[in-house]
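Asks: The following file, final.cif, comprises mmCIF, C-alpha atoms:
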data_coords
loop_
_atom_site.label_atom_id
_atom_site.label_comp_id
_atom_site.auth_asym_id
_atom_site.auth_seq_id
_atom_site.Cartn_x
_atom_site.Cartn_y
_atom_site.Cartn_z
CA MET A 6 0.00 0.00 0.00
CA LEU A 7 2.84 2.36 0.81
CA LEU A 8 4.45 1.62 -2.55
CA GLY A 9 1.15 2.37 -4.26
CA ILE A 10 0.88 5.71 -2.46
CA MET A 11 4.47 6.58 -3.43
CA LEU A 12 3.74 5.69 -7.06
CA PHE A 13 0.67 7.92 -7.00
CA PHE A 14 2.67 10.94 -5.84
CA LEU A 15 5.47 10.23 -8.33
CA LEU A 16 2.92 10.25 -11.17
CA PHE A 17 1.36 13.41 -9.72
CA ALA A 18 4.78 15.11 -9.64
CA ALA A 19 5.52 13.97 -13.18
CA ALA A 20 2.17 15.36 -14.40
CA VAL A 21 2.96 18.75 -12.83
CA ILE A 22 6.56 18.93 -14.11
CA LEU A 23 5.97 17.83 -17.73
CA PRO A 24 3.36 19.57 -17.63
CA LEU A 25 0.13 17.63 -18.21
CA PRO A 26 -2.69 19.97 -17.09
CA SER A 27 -5.56 17.51 -17.44
CA LEU A 28 -3.74 14.75 -15.56
CA SER A 29 -2.59 17.22 -12.91
CA PHE A 30 -6.20 18.33 -12.37
CA ILE A 31 -7.36 14.72 -11.94
CA PHE A 32 -4.56 13.90 -9.50
CA SER A 33 -5.25 17.06 -7.46
CA LYS A 34 -8.85 15.96 -6.99
CA LEU A 35 -7.76 12.46 -6.00
CA VAL A 36 -5.46 13.72 -3.24
CA THR A 37 -8.36 14.37 -0.87
CA ILE A 38 -9.85 10.95 -1.57
CA LEU A 39 -6.45 9.36 -1.03
CA ALA A 40 -6.00 11.13 2.31
CA VAL A 41 -9.34 9.75 3.57
CA ALA A 42 -8.47 6.29 2.23
CA VAL A 43 -5.15 6.32 4.10
CA LEU A 44 -6.92 7.17 7.37
CA ILE A 45 -9.32 4.27 6.87
CA ILE A 46 -6.71 1.74 5.76
CA PHE A 47 -4.21 2.55 8.50
CA GLN A 48 -6.75 3.24 11.23
CA PRO A 49 -5.42 0.56 13.65
CA GLU A 50 -1.82 1.78 13.28
CA ILE A 51 -2.82 5.45 13.65
CA ARG A 52 -4.89 4.65 16.74
CA ARG A 53 -1.98 2.78 18.27
CA LEU A 54 0.34 5.72 17.56
CA PHE A 55 -1.99 8.18 19.33
CA GLU A 56 -2.45 5.78 22.24
CA ARG A 57 1.30 5.64 22.69
CA ALA A 58 1.67 9.40 22.29
CA GLY A 59 -0.98 10.09 24.92
CA HIS A 60 0.36 7.61 27.42
CA ARG A 61 2.95 8.65 29.96
CA GLY A 62 4.73 5.34 29.35
CA TRP A 63 6.14 6.73 26.09
CA PHE A 64 8.34 9.06 28.11
CA LEU A 65 9.07 6.73 31.00
CA PRO A 66 10.35 3.24 30.09
CA LEU A 67 8.64 0.35 31.83
CA VAL A 68 11.79 -0.67 33.70
CA GLY A 69 12.12 2.87 35.02
CA ARG A 70 8.60 2.88 36.49
CA ALA A 71 8.40 -0.60 37.97
CA ASN A 72 10.66 -2.33 40.42
CA LYS A 73 13.06 -4.61 38.57
CA GLY A 74 12.75 -7.30 41.22
CA GLU A 75 8.97 -7.28 40.86
CA LEU A 76 9.25 -7.64 37.09
CA GLU A 77 11.68 -10.54 37.52
CA ARG A 78 9.23 -12.21 39.92
CA MET A 79 6.37 -11.79 37.44
CA ILE A 80 8.45 -13.30 34.64
CA GLU A 81 9.19 -16.35 36.79
CA ILE A 82 5.51 -16.76 37.67
CA LEU A 83 4.53 -16.66 34.00
CA VAL A 84 7.29 -19.12 33.04
CA GLN A 85 6.33 -21.55 35.80
CA ALA A 86 2.62 -21.25 35.05
CA SER A 87 3.08 -21.85 31.32
CA GLU A 88 5.37 -24.83 32.01
CA ARG A 89 2.78 -26.38 34.33
CA PHE A 90 -0.07 -25.76 31.90
CA ALA A 91 1.87 -27.27 29.01
CA ARG A 92 2.81 -30.35 31.05
CA VAL A 93 -0.78 -31.19 32.01
CA ARG A 94 -2.25 -29.73 28.78
CA ILE A 95 -4.39 -26.96 30.23
CA GLY A 96 -5.25 -24.36 27.60
CA ALA A 97 -4.52 -20.79 28.68
CA ILE A 98 -4.06 -17.25 27.38
CA ILE A 99 -2.43 -14.75 29.74
CA VAL A 100 -2.18 -11.08 28.75
CA TRP A 101 0.40 -8.98 30.61
CA GLU A 102 -0.52 -5.33 30.15
CA GLN A 103 2.35 -2.93 29.48
CA ASP A 104 2.07 0.81 28.72
CA ILE A 105 -1.16 0.77 26.69
CA GLY A 106 -4.23 0.18 28.85
CA LEU A 107 -6.59 -2.72 28.15
CA ASN A 108 -9.71 -1.44 29.91
CA ASP A 109 -11.86 -1.91 26.80
CA TYR A 110 -11.14 -5.64 26.87
CA LEU A 111 -11.34 -5.82 30.65
CA ASP A 112 -14.97 -4.73 30.35
CA THR A 113 -15.79 -7.89 28.35
CA GLY A 114 -14.92 -10.20 31.25
CA VAL A 115 -14.97 -10.45 35.03
CA GLU A 116 -12.99 -7.83 36.91
CA LEU A 117 -10.68 -9.05 39.68
CA ASN A 118 -7.97 -7.62 41.91
CA ILE A 119 -5.84 -10.53 43.05
CA GLU A 120 -2.09 -10.95 43.44
CA THR A 121 -0.75 -13.10 40.62
CA SER A 122 0.37 -16.62 41.51
CA VAL A 123 0.87 -19.87 39.64
CA ASP A 124 -1.76 -21.65 41.74
CA PHE A 125 -4.44 -19.02 41.17
CA LEU A 126 -3.75 -18.92 37.43
CA GLU A 127 -4.14 -22.70 37.35
CA THR A 128 -7.43 -22.36 39.23
CA LEU A 129 -8.75 -19.85 36.71
CA PHE A 130 -7.83 -21.96 33.68
CA PHE A 131 -8.84 -25.31 35.13
CA PRO A 132 -11.27 -26.84 32.59
CA ASN A 133 -14.20 -27.12 35.03
CA ASN A 134 -13.87 -23.51 36.18
CA PRO A 135 -16.60 -21.27 34.65
CA MET A 136 -13.95 -18.59 34.02
CA HIS A 137 -11.47 -20.79 32.12
CA ASP A 138 -12.77 -19.61 28.75
CA GLY A 139 -11.26 -16.34 27.53
CA ALA A 140 -8.14 -14.48 28.60
CA VAL A 141 -6.69 -13.44 31.93
CA ILE A 142 -5.36 -9.87 32.05
CA ILE A 143 -2.53 -8.92 34.41
CA ARG A 144 -1.64 -5.35 35.31
CA GLY A 145 1.61 -4.97 37.19
CA SER A 146 1.55 -7.92 39.61
CA LYS A 147 -2.25 -8.15 39.91
CA ILE A 148 -4.75 -10.24 37.97
CA ILE A 149 -7.37 -7.64 37.07
CA GLY A 150 -9.60 -9.63 34.75
CA ALA A 151 -10.62 -13.12 33.67
CA ARG A 152 -12.84 -14.52 30.92
CA CYS A 153 -11.96 -11.51 28.78
CA TYR A 154 -12.48 -11.56 25.02
CA LEU A 155 -9.80 -10.23 22.70
CA PRO A 156 -9.79 -9.12 19.05
CA LEU A 157 -8.79 -11.80 16.54
CA THR A 158 -6.06 -11.09 14.02
CA ASP A 159 -6.75 -11.14 10.29
CA ASN A 160 -3.14 -12.06 9.50
CA PRO A 161 -3.31 -14.68 6.71
CA MET A 162 0.32 -15.72 7.26
CA LEU A 163 -0.32 -17.49 10.57
CA PRO A 164 -0.10 -21.30 10.59
CA SER A 165 -3.36 -23.09 9.81
CA HIS A 166 -3.23 -25.05 13.07
CA PHE A 167 -3.57 -21.85 15.12
CA GLY A 168 -6.93 -21.70 16.85
CA THR A 169 -8.87 -18.89 18.53
CA ARG A 170 -6.43 -18.51 21.44
CA HIS A 171 -3.41 -17.95 19.24
CA ARG A 172 -5.27 -15.62 16.87
CA ALA A 173 -6.56 -13.63 19.84
CA ALA A 174 -3.01 -13.45 21.25
CA VAL A 175 -1.69 -11.97 18.01
CA GLY A 176 -4.75 -9.74 17.67
CA ILE A 177 -4.35 -8.00 21.03
CA THR A 178 -0.63 -7.44 20.38
CA GLU A 179 -1.48 -5.75 17.06
CA VAL A 180 -3.46 -3.05 18.89
CA SER A 181 -1.42 -2.79 22.11
CA ASP A 182 2.06 -3.40 23.50
CA ALA A 183 0.87 -6.25 25.73
CA ILE A 184 2.86 -9.46 26.16
CA VAL A 185 0.78 -12.61 25.73
CA ILE A 186 1.54 -16.20 26.73
CA VAL A 187 -0.57 -18.92 25.10
CA VAL A 188 -0.66 -22.60 25.99
CA SER A 189 -2.27 -25.07 23.61
CA GLU A 190 -4.22 -27.83 25.33
CA GLU A 191 -4.19 -29.95 22.15
CA ARG A 192 -0.40 -29.89 21.64
CA GLY A 193 0.86 -28.96 25.09
CA GLU A 194 2.94 -26.15 23.58
CA THR A 195 3.71 -22.66 24.84
CA SER A 196 3.83 -19.58 22.61
CA VAL A 197 4.70 -15.93 23.26
CA ALA A 198 3.16 -13.06 21.29
CA HIS A 199 4.25 -9.41 21.16
CA SER A 200 4.00 -6.58 18.61
CA GLY A 201 1.86 -8.62 16.24
CA LYS A 202 4.34 -11.52 16.14
CA ILE A 203 4.20 -14.93 17.80
CA ALA A 204 6.83 -17.60 18.52
CA GLU A 205 5.43 -21.06 19.12
CA ASN A 206 6.43 -24.36 20.69
CA LEU A 207 8.87 -22.84 23.18
CA LYS A 208 10.74 -24.44 26.05
CA PRO A 209 10.59 -22.73 29.48
CA VAL A 210 14.13 -21.37 29.10
CA THR A 211 13.15 -19.75 25.79
CA VAL A 212 9.96 -18.30 27.27
CA ARG A 213 12.05 -16.75 30.04
CA HIS A 214 14.56 -15.36 27.53
CA GLN A 215 11.83 -13.81 25.40
CA LEU A 216 10.06 -12.17 28.33
CA HIS A 217 13.38 -10.73 29.47
CA SER A 218 14.18 -9.43 25.99
CA ILE A 219 10.81 -7.63 25.81
CA VAL A 220 10.64 -6.26 29.37
CA PHE A 221 14.35 -5.38 29.64
CA PRO A 222 15.29 -4.46 26.04
CA ARG A 223 18.24 -2.31 27.15
CA THR A 224 19.94 -5.21 28.88
CA THR A 225 19.54 -7.72 26.04
CA THR A 226 20.94 -7.76 22.53
CA SER A 227 17.53 -7.98 20.86
CA SER A 228 13.84 -7.64 21.65
CA LYS A 229 12.67 -9.87 18.81
CA LEU A 230 10.99 -13.19 19.42
CA PRO A 231 13.60 -15.90 18.74
CA SER A 232 12.83 -19.55 18.15
CA ASP A 233 14.07 -22.33 20.37
CA GLU A 234 16.71 -23.15 17.77
CA GLU A 235 17.99 -19.56 17.75
CA SER A 236 18.11 -19.49 21.54
CA GLN A 237 20.02 -22.76 21.67
CA HIS A 238 22.55 -21.46 19.13
CA ALA A 239 22.88 -18.24 21.14
CA THR A 240 23.70 -20.17 24.29
#
Can the structure in the file be given as structure tokens, please?

Replies:
Amino acid sequence: MLLGIMLFFLLFAAAVILPLPSLSFIFSKLVTILAVAVLIIFQPEIRRLFERAGHRGWFLPLVGRANKGELERMIEILVQASERFARVRIGAIIVWEQDIGLNDYLDTGVELNIETSVDFLETLFFPNNPMHDGAVIIRGSKIIGARCYLPLTDNPMLPSHFGTRHRAAVGITEVSDAIVIVVSEERGETSVAHSGKIAENLKPVTVRHQLHSIVFPRTTTSSKLPSDEESQHAT
């Protein structure tokens, strides 16, 4: 789409320089239509940009606002919980809110205010629990919501075996900076999603590495989501 827009303006410039009055007139009328079209096409990206601009987190990095020890503790809880879920094949989707608030999605579920722990997460996602369906949202160190529904991604490049949980994980990271951990009950695999990307079938050590690389980007060489193979080569 960006290439198409660039081509449009190159043709417009050529029509003005040559000059081609009739073509220049047509292009000048199309500029307004193009501007509206750009706003519609890139609406999610523009919304995300304004959300970041209006949030104090843009000026204060996450590590600077939160206690590093508390963040380390939360990472360990999420790693241990995902490892336990994968071992016993309990499906789960855990959303760790970062700078961009998730109140819109919190309203779709049950609001809570409980200190995060592996045992309580297991209770929430236990198959017979009425709140196991949907996502758990964590803010800081507190579980603030359960049974929350998230937007599904339209990304056609995702693997065909991805179900609703994985598509919801990617979807929420396309509209926010949240970190999402997904456990597949069918395959007993753990995935991590962030910034519209997802890495699947991860070992606990890789999950820990990825969470560290996202939460503490200044202390790691990269904040991308590596595969298990890449992590093994790195070590």

Asks: What does the distance between CA of Ala151 (chain A) and CA of Glu116 (chain A) come to in Å, to one decimal place?

Replies: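 So the two atoms, CA of Ala151 (chain A) and CA of Glu116 (chain A), lie 6.6 Å apart.
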
Asks: Give me, as a Markdown table, each residue of region 143-168 of chain A that comes within 12 Å of region 119-137 of chain A, together with its shortest interatomic pair and the distance in Å at one decimal, counting only C-alpha atoms, with rows ordered by chain and rising residue number.

Replies:
| residue | atom | partner | partner_atom | distance |
| --- | --- | --- | --- | --- |
| A:Ile143 | CA | A:Thr121 | CA | 7.7 |
| A:Arg144 | CA | A:Thr121 | CA | 9.4 |
| A:Gly145 | CA | A:Thr121 | CA | 9.1 |
| A:Ser146 | CA | A:Thr121 | CA | 5.8 |
| A:Lys147 | CA | A:Glu120 | CA | 4.5 |
| A:Ile148 | CA | A:Ile119 | CA | 5.2 |
| A:Ile149 | CA | A:Ile119 | CA | 6.8 |
| A:Gly150 | CA | A:Ile119 | CA | 9.2 |
| A:Ala151 | CA | A:Met136 | CA | 6.4 |
| A:Arg152 | CA | A:Met136 | CA | 5.2 |
| A:Cys153 | CA | A:Met136 | CA | 9.0 |
| A:Tyr154 | CA | A:Met136 | CA | 11.5 |

Asks: What is the CA of Ile105 (chain A) to CA of Phe167 (chain A) distance in Å?

Replies: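 Going from CA of Ile105 (chain A) over to CA of Phe167 (chain A) covers 25.5 Å.
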
Asks: Draw an axis-aligned box tight on the listed atoms of region 91-94 of chain A, then pad every side by 8 Å and write out centre and edge lengths in Å to one decimal as lines of an AutoDock Vina configuration file.

Replies:
center_x = 0.3
center_y = -29.2
center_z = 30.4
size_x = 21.1
size_y = 19.9
size_z = 19.2

Asks: Pick out the residues sitting within 9 Å of region 87-102 of chain A, and hand them over as an mmCIF file with C-alpha atoms, in the frame of the given file; count only C-alpha atoms, and ignore anything fewer than 3 positions along from it in its own chain.

Replies:
data_model
loop_
_atom_site.group_PDB
_atom_site.id
_atom_site.type_symbol
_atom_site.label_atom_id
_atom_site.label_comp_id
_atom_site.auth_asym_id
_atom_site.auth_seq_id
_atom_site.Cartn_x
_atom_site.Cartn_y
_atom_site.Cartn_z
ATOM 1 C CA ILE A 82 5.510 -16.760 37.670
ATOM 2 C CA LEU A 83 4.530 -16.660 34.000
ATOM 3 C CA VAL A 84 7.290 -19.120 33.040
ATOM 4 C CA ILE A 105 -1.160 0.770 26.690
ATOM 5 C CA GLY A 106 -4.230 0.180 28.850
ATOM 6 C CA LEU A 107 -6.590 -2.720 28.150
ATOM 7 C CA VAL A 123 0.870 -19.870 39.640
ATOM 8 C CA LEU A 126 -3.750 -18.920 37.430
ATOM 9 C CA GLU A 127 -4.140 -22.700 37.350
ATOM 10 C CA PHE A 130 -7.830 -21.960 33.680
ATOM 11 C CA PHE A 131 -8.840 -25.310 35.130
ATOM 12 C CA PRO A 132 -11.270 -26.840 32.590
ATOM 13 C CA HIS A 137 -11.470 -20.790 32.120
ATOM 14 C CA ASP A 138 -12.770 -19.610 28.750
ATOM 15 C CA GLY A 139 -11.260 -16.340 27.530
ATOM 16 C CA ALA A 140 -8.140 -14.480 28.600
ATOM 17 C CA VAL A 141 -6.690 -13.440 31.930
ATOM 18 C CA ILE A 142 -5.360 -9.870 32.050
ATOM 19 C CA ILE A 143 -2.530 -8.920 34.410
ATOM 20 C CA ARG A 144 -1.640 -5.350 35.310
ATOM 21 C CA GLY A 145 1.610 -4.970 37.190
ATOM 22 C CA ARG A 170 -6.430 -18.510 21.440
ATOM 23 C CA HIS A 171 -3.410 -17.950 19.240
ATOM 24 C CA ALA A 173 -6.560 -13.630 19.840
ATOM 25 C CA ALA A 174 -3.010 -13.450 21.250
ATOM 26 C CA ILE A 177 -4.350 -8.000 21.030
ATOM 27 C CA SER A 181 -1.420 -2.790 22.110
ATOM 28 C CA ASP A 182 2.060 -3.400 23.500
ATOM 29 C CA ALA A 183 0.870 -6.250 25.730
ATOM 30 C CA ILE A 184 2.860 -9.460 26.160
ATOM 31 C CA VAL A 185 0.780 -12.610 25.730
ATOM 32 C CA ILE A 186 1.540 -16.200 26.730
ATOM 33 C CA VAL A 187 -0.570 -18.920 25.100
ATOM 34 C CA VAL A 188 -0.660 -22.600 25.990
ATOM 35 C CA SER A 189 -2.270 -25.070 23.610
ATOM 36 C CA GLU A 190 -4.220 -27.830 25.330
ATOM 37 C CA GLU A 191 -4.190 -29.950 22.150
ATOM 38 C CA ARG A 192 -0.400 -29.890 21.640
ATOM 39 C CA GLY A 193 0.860 -28.960 25.090
ATOM 40 C CA GLU A 194 2.940 -26.150 23.580
ATOM 41 C CA THR A 195 3.710 -22.660 24.840
ATOM 42 C CA LYS A 208 10.740 -24.440 26.050
ATOM 43 C CA PRO A 209 10.590 -22.730 29.480
ATOM 44 C CA VAL A 212 9.960 -18.300 27.270
#

Asks: Quick one: pull the distance between CA of Gly168 (chain A) and CA of Val115 (chain A), Å, one decimal.

Replies: 22.8 Å

Asks: Select, from A:Arg52, A:His217, A:Lys202, A:His166, the residue with the minimum atom-to-atom distance to Lys73 (chain A), counting only C-alpha atoms.

Replies: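 Of A:Arg52, A:His217, A:Lys202, A:His166, the one nearest Lys73 (chain A), counting only C-alpha atoms, is A:His217.
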
Asks: I need every residue sitting at most 12 Å from the point (2.9, 9.0, -7.8) (coordinates as in the file, all atoms listed in the file considered), written as a PyMOL selection string.

Replies: chain A and resi 7-21+28-29+32-33+35-36+39

Asks: Can you spit out the residues from that selection as a PDB file, in the frame of the given file, using C-alpha atoms?

Replies:
ATOM      1  CA  LEU A   7       2.840   2.360   0.810  1.00  0.00           C
ATOM      2  CA  LEU A   8       4.450   1.620  -2.550  1.00  0.00           C
ATOM      3  CA  GLY A   9       1.150   2.370  -4.260  1.00  0.00           C
ATOM      4  CA  ILE A  10       0.880   5.710  -2.460  1.00  0.00           C
ATOM      5  CA  MET A  11       4.470   6.580  -3.430  1.00  0.00           C
ATOM      6  CA  LEU A  12       3.740   5.690  -7.060  1.00  0.00           C
ATOM      7  CA  PHE A  13       0.670   7.920  -7.000  1.00  0.00           C
ATOM      8  CA  PHE A  14       2.670  10.940  -5.840  1.00  0.00           C
ATOM      9  CA  LEU A  15       5.470  10.230  -8.330  1.00  0.00           C
ATOM     10  CA  LEU A  16       2.920  10.250 -11.170  1.00  0.00           C
ATOM     11  CA  PHE A  17       1.360  13.410  -9.720  1.00  0.00           C
ATOM     12  CA  ALA A  18       4.780  15.110  -9.640  1.00  0.00           C
ATOM     13  CA  ALA A  19       5.520  13.970 -13.180  1.00  0.00           C
ATOM     14  CA  ALA A  20       2.170  15.360 -14.400  1.00  0.00           C
ATOM     15  CA  VAL A  21       2.960  18.750 -12.830  1.00  0.00           C
ATOM     16  CA  LEU A  28      -3.740  14.750 -15.560  1.00  0.00           C
ATOM     17  CA  SER A  29      -2.590  17.220 -12.910  1.00  0.00           C
ATOM     18  CA  PHE A  32      -4.560  13.900  -9.500  1.00  0.00           C
ATOM     19  CA  SER A  33      -5.250  17.060  -7.460  1.00  0.00           C
ATOM     20  CA  LEU A  35      -7.760  12.460  -6.000  1.00  0.00           C
ATOM     21  CA  VAL A  36      -5.460  13.720  -3.240  1.00  0.00           C
ATOM     22  CA  LEU A  39      -6.450   9.360  -1.030  1.00  0.00           C
TER      23      LEU A  39
END

Asks: With distances taken over all atoms listed in the file, which residue among A:Asn72, A:Gln85, A:Gln215, A:Asn118 lies nearest Ile203 (chain A)?

Replies: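 Going through A:Asn72, A:Gln85, A:Gln215, A:Asn118 one by one, the smallest distance to Ile203 (chain A) is for A:Gln215.
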